[in-house]
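Working notes, beginning with the structure itself.
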Amino acid sequence: MIETVAETGSTNADLLSRIDAGEAVHEGQWLVADRQVAGRGRQGRVWRDGSGNFMGSTPVAIGVGSPPPHTLSLVTGLAVYEALSPFLPSMASAMVKWPNDLLLNGAKLAGILLERSRDTIVVGIGVNLAQAPQLPGRRTVALTAFGPAPDRDLFARTLAERFAQEIERWRTYGLDLLVRRWSEAAHPGGTPLTVVPPGEEPLSGCFAGLTGEGNLRLTLAGGNERIIHAGDVVLREESV
């Protein structure tokens with residue numbers, strides 16, 4: 001169920017185009033590229049990964065009774081976290097960051113992008129197995145900072161298995177279990193954050209966990225709590 005191409009603009013864009021054209025694109029299918037020349041992250045950021053990294057996308061059907069689609073970012077973060085665990089050195093500290101990143105020793109190791117077409121969410125994932133792309137103002141890292149890079153195809157199979165397991169849990173058990181497990185893999189409560197909600201000035205505060213719906217709880221300097229539904233989040237230790 002894993003289709004590999006040598007080069008493409010964006011695996012997300014390719015799957016979205018297939019869906020829009022009426023092609024049958026099913027859950028469990030993955031499109032993985034050796035090289036992406038027009039990859040992108042959240043808020044239009046360029047996310048072009050090099051040879052040896054994981055760059056792939058997979059569809060998730062949204063039906064009646066499905067949990068809220070935005071919580072797929074938490075599902076995906078857990079799947080990436082679990083898939084990377086066997087490949088991480090003992091001295092490295094990995095954690096998920098709301099809404100869609102995975103950090104290793106405070107630097108970005110992986111990112112997630114959700115895009116929707118009709119009743120399908122295309123989940124795009126980029127993981128720095130071999131090399132770390134440069135991001136303005138952010139520290140990035142690849143697993144080669146700690147040793148040989150994992151085989152990309154082996155990692156792809158591992159991730160596909162973990163993702164299928166997390167999707168099944170998401171649909172079967174809902175958000176309570178998801179939020180609890182995600183929180184166990186995240187940075188601790190009280191971690192200083194800078195949050196930029198869409199169209200607003202940056203907010204500084206401390207991480208106070210997630211709501212039951214998977215939104216970010218931010219404690220502001222005066223002690224008030226702000227619920228963040230969307231936005232760019234930076235841990236202080238991520239900044240260059």
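Letters A, B, ... go to the chains of the structure tokens in the order shown; residues in each chain start at 1; ligands are counted from 1 in the same order.
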Next item on the list: Within 9 Å of Thr76 (chain A), counting only C-alpha atoms, which residues show up once you throw out same-chain ones fewer than 4 positions away? Write them as a PyMOL selection string, please.
Entry: chain A and resi 71-72+80-81+100+112+123+125+163+166-167
Next item on the list: Would you kindly return, as a PyMOL selection string, each protein, DNA or RNA residue with an atom no farther than 12 Å from any atom of Ser73 (chain A), considering only C-alpha atoms and excluding same-chain residues fewer than 6 positions away?
Entry: chain A and resi 42+60+67+79-80+96-102+111-115+121-125+163+166-167+170+178-179+182+214-215+230
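Minimum atom-to-atom distance to Gly77 (chain A), evaluated using only C-alpha atoms, belongs to A:Val127 out of A:Ile228, A:Val127, A:Ala21, A:Pro148.
Relative to CA of Pro197 (chain A), CA of Ser66 (chain A) is found at 26.0 Å.
Residues with any atom within 9 Å of Ile19 (chain A), counting only C-alpha atoms and excluding same-chain neighbours fewer than 6 positions away, are Val25, Ser117, Arg118 and Thr120 of chain A.
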Check: Among region 166-226 of chain A, which ones does DSSP place in helix (DSSP H, G or I), written as number ranges by chain?
Finding: A: 166-173, 175-185
Hey, what does DSSP flag as strand (DSSP E) within region 14-235 of chain A? Can you give it to me as a compact mmCIF listing (two decimals) with all heavy atoms, in the first residue's frame?
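What follows is the written file part00.txt:
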```txt
# COMPACT_ATOMS: atom_id res chain seq x y z
N TRP A 30 -0.37 5.03 0.87
CA TRP A 30 0.62 6.07 1.15
C TRP A 30 1.33 6.43 -0.15
O TRP A 30 1.63 5.56 -0.98
CB TRP A 30 1.67 5.57 2.15
CG TRP A 30 1.17 5.48 3.55
CD1 TRP A 30 0.38 4.51 4.09
CD2 TRP A 30 1.42 6.42 4.60
NE1 TRP A 30 0.12 4.78 5.41
CE2 TRP A 30 0.75 5.94 5.76
CE3 TRP A 30 2.14 7.61 4.69
CZ2 TRP A 30 0.79 6.61 6.97
CZ3 TRP A 30 2.19 8.28 5.90
CH2 TRP A 30 1.51 7.78 7.03
N LEU A 31 1.60 7.70 -0.32
CA LEU A 31 2.43 8.18 -1.41
C LEU A 31 3.69 8.77 -0.79
O LEU A 31 3.61 9.73 -0.01
CB LEU A 31 1.69 9.23 -2.24
CG LEU A 31 2.48 9.82 -3.42
CD1 LEU A 31 2.81 8.73 -4.44
CD2 LEU A 31 1.71 10.96 -4.08
N VAL A 32 4.83 8.20 -1.13
CA VAL A 32 6.11 8.60 -0.54
C VAL A 32 7.06 9.02 -1.66
O VAL A 32 7.16 8.34 -2.68
CB VAL A 32 6.72 7.44 0.27
CG1 VAL A 32 8.10 7.81 0.80
CG2 VAL A 32 5.79 7.05 1.42
N ALA A 33 7.73 10.14 -1.46
CA ALA A 33 8.64 10.68 -2.48
C ALA A 33 10.09 10.59 -2.02
O ALA A 33 10.40 10.85 -0.85
CB ALA A 33 8.28 12.13 -2.79
N PHE A 54 12.05 11.17 5.13
CA PHE A 54 10.71 10.66 4.84
C PHE A 54 9.82 11.83 4.45
O PHE A 54 9.70 12.81 5.18
CB PHE A 54 10.10 9.95 6.05
CG PHE A 54 8.68 9.50 5.79
CD1 PHE A 54 8.45 8.29 5.16
CD2 PHE A 54 7.60 10.31 6.13
CE1 PHE A 54 7.15 7.89 4.88
CE2 PHE A 54 6.31 9.92 5.85
CZ PHE A 54 6.08 8.69 5.22
N MET A 55 9.18 11.71 3.30
CA MET A 55 8.20 12.68 2.81
C MET A 55 7.04 11.89 2.26
O MET A 55 7.17 11.24 1.22
CB MET A 55 8.81 13.56 1.72
CG MET A 55 9.98 14.41 2.18
SD MET A 55 11.13 14.81 0.82
CE MET A 55 11.98 13.23 0.63
N GLY A 56 5.91 11.89 2.95
CA GLY A 56 4.80 11.07 2.51
C GLY A 56 3.46 11.59 2.95
O GLY A 56 3.36 12.42 3.86
N SER A 57 2.41 11.10 2.29
CA SER A 57 1.04 11.51 2.58
C SER A 57 0.11 10.31 2.52
O SER A 57 0.38 9.34 1.79
CB SER A 57 0.57 12.56 1.56
OG SER A 57 1.40 13.70 1.58
N THR A 58 -0.98 10.41 3.26
CA THR A 58 -1.97 9.33 3.30
C THR A 58 -3.35 9.92 3.56
O THR A 58 -3.46 10.95 4.23
CB THR A 58 -1.60 8.31 4.40
OG1 THR A 58 -2.43 7.15 4.28
CG2 THR A 58 -1.76 8.89 5.79
N PRO A 59 -4.43 9.31 3.01
CA PRO A 59 -5.76 9.86 3.20
C PRO A 59 -6.47 9.26 4.41
O PRO A 59 -6.25 8.10 4.77
CB PRO A 59 -6.49 9.46 1.90
CG PRO A 59 -5.85 8.15 1.54
CD PRO A 59 -4.42 8.24 2.00
N VAL A 60 -7.34 10.06 5.03
CA VAL A 60 -8.20 9.59 6.12
C VAL A 60 -9.62 10.04 5.80
O VAL A 60 -9.86 11.23 5.58
CB VAL A 60 -7.76 10.16 7.48
CG1 VAL A 60 -8.73 9.71 8.57
CG2 VAL A 60 -6.34 9.72 7.82
N ALA A 61 -10.55 9.10 5.78
CA ALA A 61 -11.95 9.41 5.48
C ALA A 61 -12.63 9.98 6.73
O ALA A 61 -12.45 9.46 7.83
CB ALA A 61 -12.68 8.17 5.00
N ALA A 94 12.69 13.16 22.85
CA ALA A 94 11.69 13.48 21.84
C ALA A 94 10.39 13.87 22.52
O ALA A 94 10.04 13.35 23.58
CB ALA A 94 11.47 12.29 20.91
N MET A 95 9.65 14.79 21.89
CA MET A 95 8.34 15.19 22.42
C MET A 95 7.49 15.73 21.27
O MET A 95 8.01 16.24 20.28
CB MET A 95 8.49 16.24 23.51
CG MET A 95 9.08 17.56 23.06
SD MET A 95 9.22 18.79 24.38
CE MET A 95 10.45 18.03 25.43
N VAL A 96 6.17 15.60 21.43
CA VAL A 96 5.26 16.21 20.48
C VAL A 96 4.96 17.64 20.93
O VAL A 96 5.01 17.94 22.12
CB VAL A 96 3.95 15.41 20.34
CG1 VAL A 96 4.22 14.08 19.66
CG2 VAL A 96 3.27 15.20 21.68
N LYS A 97 4.66 18.50 19.95
CA LYS A 97 4.34 19.90 20.23
C LYS A 97 3.06 20.26 19.47
O LYS A 97 2.95 19.96 18.27
CB LYS A 97 5.48 20.82 19.78
CG LYS A 97 5.30 22.28 20.18
CD LYS A 97 6.25 23.19 19.43
CE LYS A 97 5.79 23.40 17.99
NZ LYS A 97 6.60 24.41 17.28
N ASP A 101 3.96 19.25 15.42
CA ASP A 101 5.41 19.04 15.27
C ASP A 101 5.90 17.98 16.24
O ASP A 101 5.26 17.69 17.26
CB ASP A 101 6.18 20.34 15.56
CG ASP A 101 6.04 21.37 14.45
OD1 ASP A 101 5.58 21.00 13.35
OD2 ASP A 101 6.38 22.54 14.69
N LEU A 102 7.08 17.46 15.93
CA LEU A 102 7.79 16.60 16.86
C LEU A 102 9.19 17.16 17.02
O LEU A 102 9.86 17.46 16.03
CB LEU A 102 7.84 15.15 16.36
CG LEU A 102 8.37 14.16 17.40
CD1 LEU A 102 7.55 12.88 17.41
CD2 LEU A 102 9.84 13.82 17.14
N LEU A 103 9.60 17.35 18.27
CA LEU A 103 10.90 17.94 18.58
C LEU A 103 11.84 16.89 19.13
O LEU A 103 11.42 15.96 19.82
CB LEU A 103 10.75 19.06 19.61
CG LEU A 103 9.75 20.18 19.29
CD1 LEU A 103 9.75 21.21 20.42
CD2 LEU A 103 10.05 20.83 17.96
N LEU A 104 13.12 17.06 18.84
CA LEU A 104 14.17 16.22 19.39
C LEU A 104 15.21 17.12 20.01
O LEU A 104 15.82 17.95 19.33
CB LEU A 104 14.79 15.35 18.28
CG LEU A 104 15.80 14.31 18.72
CD1 LEU A 104 15.15 13.27 19.64
CD2 LEU A 104 16.45 13.63 17.52
N ALA A 107 14.73 20.77 19.04
CA ALA A 107 14.79 21.18 17.63
C ALA A 107 13.77 20.37 16.83
O ALA A 107 13.43 19.24 17.18
CB ALA A 107 16.19 20.96 17.08
N LYS A 108 13.29 20.96 15.75
CA LYS A 108 12.24 20.32 14.95
C LYS A 108 12.79 19.13 14.18
O LYS A 108 13.71 19.26 13.37
CB LYS A 108 11.61 21.33 13.99
CG LYS A 108 10.46 20.74 13.19
CD LYS A 108 9.68 21.82 12.45
CE LYS A 108 8.53 21.23 11.67
NZ LYS A 108 7.65 22.27 11.07
N LEU A 109 12.19 17.98 14.41
CA LEU A 109 12.56 16.75 13.72
C LEU A 109 11.52 16.36 12.68
O LEU A 109 11.86 15.77 11.65
CB LEU A 109 12.72 15.61 14.73
CG LEU A 109 13.03 14.22 14.18
CD1 LEU A 109 14.41 14.20 13.51
CD2 LEU A 109 12.97 13.18 15.29
N ALA A 110 10.25 16.68 12.93
CA ALA A 110 9.19 16.26 12.03
C ALA A 110 8.06 17.28 12.05
O ALA A 110 7.83 17.96 13.05
CB ALA A 110 8.65 14.89 12.42
N GLY A 111 7.35 17.37 10.93
CA GLY A 111 6.20 18.26 10.82
C GLY A 111 5.05 17.57 10.12
O GLY A 111 5.25 16.58 9.39
N ILE A 112 3.85 18.10 10.33
CA ILE A 112 2.62 17.50 9.83
C ILE A 112 1.78 18.59 9.17
O ILE A 112 1.72 19.72 9.67
CB ILE A 112 1.83 16.86 10.98
CG1 ILE A 112 2.63 15.73 11.63
CG2 ILE A 112 0.46 16.35 10.52
CD1 ILE A 112 2.17 15.39 13.03
N LEU A 113 1.13 18.25 8.06
CA LEU A 113 0.23 19.18 7.38
C LEU A 113 -1.06 18.45 7.04
O LEU A 113 -1.03 17.40 6.37
CB LEU A 113 0.87 19.74 6.11
CG LEU A 113 0.00 20.68 5.27
CD1 LEU A 113 -0.28 21.96 6.05
CD2 LEU A 113 0.67 20.98 3.93
N LEU A 114 -2.21 18.98 7.50
CA LEU A 114 -3.52 18.42 7.17
C LEU A 114 -4.19 19.30 6.12
O LEU A 114 -4.26 20.52 6.29
CB LEU A 114 -4.42 18.35 8.40
CG LEU A 114 -3.89 17.63 9.64
CD1 LEU A 114 -4.98 17.61 10.72
CD2 LEU A 114 -3.43 16.23 9.32
N GLU A 115 -4.71 18.67 5.06
CA GLU A 115 -5.45 19.40 4.03
C GLU A 115 -6.67 18.57 3.65
O GLU A 115 -6.60 17.34 3.57
CB GLU A 115 -4.58 19.66 2.81
CG GLU A 115 -3.40 20.58 3.12
CD GLU A 115 -2.57 20.90 1.88
OE1 GLU A 115 -1.86 19.99 1.41
OE2 GLU A 115 -2.65 22.04 1.41
N ARG A 116 -7.78 19.27 3.38
CA ARG A 116 -9.04 18.56 3.16
C ARG A 116 -9.54 18.71 1.73
O ARG A 116 -9.45 19.77 1.12
CB ARG A 116 -10.11 19.09 4.12
CG ARG A 116 -11.44 18.35 4.02
CD ARG A 116 -12.32 18.64 5.21
NE ARG A 116 -13.53 17.81 5.18
CZ ARG A 116 -14.33 17.61 6.22
NH1 ARG A 116 -14.04 18.18 7.38
NH2 ARG A 116 -15.40 16.85 6.12
N SER A 117 -10.11 17.62 1.21
CA SER A 117 -10.83 17.63 -0.04
C SER A 117 -12.07 16.76 0.15
O SER A 117 -11.97 15.56 0.45
CB SER A 117 -9.98 17.07 -1.19
OG SER A 117 -10.73 17.03 -2.40
N THR A 120 -12.42 13.83 2.81
CA THR A 120 -11.13 13.19 3.04
C THR A 120 -10.12 14.21 3.54
O THR A 120 -10.02 15.31 2.99
CB THR A 120 -10.60 12.53 1.75
OG1 THR A 120 -11.53 11.55 1.29
CG2 THR A 120 -9.25 11.85 1.99
N ILE A 121 -9.40 13.85 4.57
CA ILE A 121 -8.26 14.64 5.03
C ILE A 121 -7.00 13.96 4.51
O ILE A 121 -6.79 12.76 4.73
CB ILE A 121 -8.19 14.70 6.57
CG1 ILE A 121 -9.47 15.32 7.15
CG2 ILE A 121 -6.96 15.49 7.01
CD1 ILE A 121 -9.65 16.78 6.89
N VAL A 122 -6.18 14.72 3.81
CA VAL A 122 -4.86 14.22 3.40
C VAL A 122 -3.86 14.65 4.46
O VAL A 122 -3.72 15.84 4.76
CB VAL A 122 -4.46 14.74 2.01
CG1 VAL A 122 -3.02 14.32 1.69
CG2 VAL A 122 -5.42 14.19 0.95
N VAL A 123 -3.18 13.67 5.03
CA VAL A 123 -2.20 13.91 6.09
C VAL A 123 -0.81 13.82 5.49
O VAL A 123 -0.39 12.76 5.00
CB VAL A 123 -2.34 12.86 7.22
CG1 VAL A 123 -1.29 13.08 8.30
CG2 VAL A 123 -3.75 12.91 7.81
N GLY A 124 -0.09 14.94 5.50
CA GLY A 124 1.27 14.96 5.01
C GLY A 124 2.26 14.98 6.17
O GLY A 124 2.05 15.69 7.16
N ILE A 125 3.33 14.21 6.04
CA ILE A 125 4.32 14.07 7.11
C ILE A 125 5.72 14.21 6.53
O ILE A 125 6.04 13.59 5.51
CB ILE A 125 4.20 12.70 7.81
CG1 ILE A 125 2.77 12.51 8.36
CG2 ILE A 125 5.24 12.56 8.93
CD1 ILE A 125 2.49 11.08 8.83
N GLY A 126 6.54 15.01 7.17
CA GLY A 126 7.95 15.09 6.81
C GLY A 126 8.80 14.81 8.04
O GLY A 126 8.56 15.40 9.10
N VAL A 127 9.75 13.90 7.91
CA VAL A 127 10.62 13.52 9.03
C VAL A 127 12.08 13.63 8.58
O VAL A 127 12.46 13.05 7.55
CB VAL A 127 10.33 12.10 9.53
CG1 VAL A 127 11.18 11.79 10.76
CG2 VAL A 127 8.84 11.93 9.85
N PRO A 192 7.31 27.38 28.86
CA PRO A 192 7.06 28.68 28.23
C PRO A 192 6.81 28.54 26.73
O PRO A 192 7.54 27.83 26.03
CB PRO A 192 8.35 29.46 28.50
CG PRO A 192 9.01 28.75 29.65
CD PRO A 192 8.65 27.30 29.48
N LEU A 193 5.76 29.23 26.25
CA LEU A 193 5.40 29.18 24.83
C LEU A 193 5.18 30.60 24.30
O LEU A 193 4.76 31.49 25.04
CB LEU A 193 4.09 28.41 24.62
CG LEU A 193 3.97 26.98 25.12
CD1 LEU A 193 2.55 26.47 24.84
CD2 LEU A 193 4.99 26.10 24.46
N THR A 194 5.43 30.76 23.02
CA THR A 194 4.96 31.93 22.29
C THR A 194 3.97 31.44 21.24
O THR A 194 4.29 30.54 20.45
CB THR A 194 6.12 32.68 21.61
OG1 THR A 194 7.03 33.14 22.61
CG2 THR A 194 5.60 33.86 20.81
N VAL A 195 2.77 32.00 21.25
CA VAL A 195 1.71 31.56 20.35
C VAL A 195 1.28 32.73 19.48
O VAL A 195 1.09 33.85 19.98
CB VAL A 195 0.49 31.02 21.14
CG1 VAL A 195 -0.60 30.55 20.19
CG2 VAL A 195 0.92 29.90 22.07
N VAL A 196 1.14 32.48 18.19
CA VAL A 196 0.65 33.51 17.26
C VAL A 196 -0.65 33.01 16.65
O VAL A 196 -0.65 32.30 15.66
CB VAL A 196 1.68 33.81 16.15
CG1 VAL A 196 1.20 35.00 15.31
CG2 VAL A 196 3.05 34.10 16.74
N LEU A 203 1.39 35.95 21.55
CA LEU A 203 1.03 35.84 22.97
C LEU A 203 2.11 35.03 23.68
O LEU A 203 2.54 34.00 23.18
CB LEU A 203 -0.31 35.13 23.13
CG LEU A 203 -1.54 35.76 22.48
CD1 LEU A 203 -2.72 34.80 22.58
CD2 LEU A 203 -1.87 37.08 23.15
N SER A 204 2.54 35.49 24.82
CA SER A 204 3.50 34.75 25.63
C SER A 204 2.78 34.18 26.85
O SER A 204 1.94 34.84 27.47
CB SER A 204 4.65 35.66 26.08
OG SER A 204 5.42 36.06 24.98
N GLY A 205 3.12 32.95 27.17
CA GLY A 205 2.49 32.31 28.32
C GLY A 205 3.11 30.97 28.58
O GLY A 205 4.23 30.68 28.13
N CYS A 206 2.40 30.14 29.32
CA CYS A 206 2.89 28.82 29.68
C CYS A 206 1.87 27.75 29.29
O CYS A 206 0.66 27.97 29.38
CB CYS A 206 3.17 28.73 31.18
SG CYS A 206 4.55 29.78 31.72
N PHE A 207 2.38 26.63 28.87
CA PHE A 207 1.54 25.50 28.47
C PHE A 207 0.77 24.98 29.67
O PHE A 207 1.34 24.69 30.72
CB PHE A 207 2.44 24.41 27.90
CG PHE A 207 1.72 23.16 27.49
CD1 PHE A 207 0.78 23.18 26.47
CD2 PHE A 207 2.02 21.95 28.10
CE1 PHE A 207 0.14 22.02 26.08
CE2 PHE A 207 1.38 20.79 27.71
CZ PHE A 207 0.44 20.82 26.70
N ALA A 208 -0.56 24.88 29.51
CA ALA A 208 -1.42 24.40 30.60
C ALA A 208 -2.19 23.16 30.18
O ALA A 208 -3.25 22.86 30.74
CB ALA A 208 -2.37 25.51 31.04
N GLY A 209 -1.68 22.43 29.17
CA GLY A 209 -2.34 21.22 28.72
C GLY A 209 -3.30 21.47 27.58
O GLY A 209 -3.29 22.54 26.94
N LEU A 210 -4.14 20.48 27.31
CA LEU A 210 -5.13 20.56 26.24
C LEU A 210 -6.54 20.51 26.81
O LEU A 210 -6.76 19.96 27.89
CB LEU A 210 -4.96 19.40 25.25
CG LEU A 210 -3.61 19.23 24.56
CD1 LEU A 210 -3.69 18.06 23.57
CD2 LEU A 210 -3.16 20.50 23.85
N LEU A 216 -5.33 23.99 22.59
CA LEU A 216 -4.24 24.36 23.50
C LEU A 216 -4.74 25.30 24.59
O LEU A 216 -5.45 26.27 24.32
CB LEU A 216 -3.13 25.05 22.70
CG LEU A 216 -1.93 25.58 23.50
CD1 LEU A 216 -1.10 24.43 24.03
CD2 LEU A 216 -1.08 26.50 22.65
N ARG A 217 -4.34 25.03 25.83
CA ARG A 217 -4.62 25.91 26.95
C ARG A 217 -3.34 26.66 27.28
O ARG A 217 -2.30 26.06 27.55
CB ARG A 217 -5.09 25.11 28.15
CG ARG A 217 -6.41 24.37 27.94
CD ARG A 217 -6.68 23.37 29.04
NE ARG A 217 -6.61 24.02 30.36
CZ ARG A 217 -6.25 23.39 31.47
NH1 ARG A 217 -5.91 22.11 31.43
NH2 ARG A 217 -6.25 24.04 32.61
N LEU A 218 -3.42 28.00 27.22
CA LEU A 218 -2.27 28.85 27.46
C LEU A 218 -2.54 29.74 28.66
O LEU A 218 -3.50 30.51 28.68
CB LEU A 218 -1.99 29.71 26.22
CG LEU A 218 -0.76 30.63 26.29
CD1 LEU A 218 0.52 29.80 26.24
CD2 LEU A 218 -0.80 31.64 25.14
N THR A 219 -1.69 29.64 29.68
CA THR A 219 -1.80 30.53 30.84
C THR A 219 -0.99 31.78 30.58
O THR A 219 0.23 31.73 30.38
CB THR A 219 -1.29 29.84 32.12
OG1 THR A 219 -2.04 28.64 32.35
CG2 THR A 219 -1.43 30.76 33.32
N LEU A 220 -1.67 32.94 30.57
CA LEU A 220 -1.02 34.21 30.29
C LEU A 220 -0.33 34.76 31.53
O LEU A 220 -0.51 34.24 32.64
CB LEU A 220 -2.05 35.20 29.76
CG LEU A 220 -2.80 34.75 28.50
CD1 LEU A 220 -3.88 35.76 28.13
CD2 LEU A 220 -1.84 34.53 27.34
N GLU A 225 -6.45 32.36 31.49
CA GLU A 225 -6.21 31.27 30.55
C GLU A 225 -6.84 31.58 29.21
O GLU A 225 -7.97 32.07 29.14
CB GLU A 225 -6.77 29.96 31.09
CG GLU A 225 -6.44 28.76 30.21
CD GLU A 225 -6.84 27.43 30.85
OE1 GLU A 225 -6.08 26.94 31.70
OE2 GLU A 225 -7.92 26.90 30.49
N ARG A 226 -6.11 31.33 28.15
CA ARG A 226 -6.61 31.54 26.79
C ARG A 226 -6.64 30.18 26.09
O ARG A 226 -5.67 29.42 26.13
CB ARG A 226 -5.68 32.50 26.05
CG ARG A 226 -5.95 32.66 24.57
CD ARG A 226 -7.10 33.59 24.27
NE ARG A 226 -7.30 33.66 22.81
CZ ARG A 226 -6.72 34.56 22.01
NH1 ARG A 226 -5.93 35.50 22.53
NH2 ARG A 226 -6.96 34.57 20.72
N ILE A 227 -7.77 29.87 25.46
CA ILE A 227 -7.90 28.64 24.68
C ILE A 227 -7.52 28.96 23.24
O ILE A 227 -8.11 29.85 22.61
CB ILE A 227 -9.33 28.07 24.74
CG1 ILE A 227 -9.74 27.83 26.19
CG2 ILE A 227 -9.40 26.77 23.94
CD1 ILE A 227 -8.84 26.89 26.96
N ILE A 228 -6.54 28.24 22.71
CA ILE A 228 -6.04 28.47 21.36
C ILE A 228 -6.58 27.37 20.45
O ILE A 228 -6.31 26.18 20.65
CB ILE A 228 -4.51 28.46 21.33
CG1 ILE A 228 -3.94 29.46 22.35
CG2 ILE A 228 -4.00 28.76 19.93
CD1 ILE A 228 -4.26 30.90 22.07
N ASP A 232 0.39 29.41 15.43
CA ASP A 232 1.77 28.97 15.36
C ASP A 232 2.34 29.00 16.78
O ASP A 232 2.20 30.00 17.49
CB ASP A 232 2.56 29.92 14.46
CG ASP A 232 3.79 29.29 13.88
OD1 ASP A 232 3.86 28.05 13.88
OD2 ASP A 232 4.67 30.03 13.42
N VAL A 233 2.96 27.91 17.18
CA VAL A 233 3.46 27.77 18.56
C VAL A 233 4.95 27.54 18.53
O VAL A 233 5.45 26.69 17.78
CB VAL A 233 2.75 26.61 19.30
CG1 VAL A 233 3.33 26.44 20.69
CG2 VAL A 233 1.25 26.85 19.36
N VAL A 234 5.67 28.29 19.35
CA VAL A 234 7.12 28.13 19.45
C VAL A 234 7.51 27.97 20.91
O VAL A 234 7.14 28.78 21.75
CB VAL A 234 7.86 29.36 18.85
CG1 VAL A 234 9.38 29.15 18.94
CG2 VAL A 234 7.46 29.61 17.42
N LEU A 235 8.23 26.89 21.21
CA LEU A 235 8.85 26.75 22.51
C LEU A 235 10.08 27.65 22.54
O LEU A 235 10.78 27.77 21.51
CB LEU A 235 9.27 25.31 22.78
CG LEU A 235 8.21 24.37 23.38
CD1 LEU A 235 7.06 24.16 22.41
CD2 LEU A 235 8.84 23.04 23.75
```
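Picture a line from CA of Ala160 (chain A) to CA of Pro89 (chain A); it runs 21.6 Å.
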Margin query: I'd like the neighbourhood of Asn105 (chain A) as an NGL selection string, where a residue qualifies if any of its atoms comes within 12 Å (using only C-alpha atoms), though same-chain residues fewer than 6 positions away should be ignored.
Written below: :A and (88-96 or 139-143 or 145-146 or 187 or 235 or 237-238)
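A straight line drawn from CA of Ser51 (chain A) to CA of Pro150 (chain A) is 12.4 Å long.
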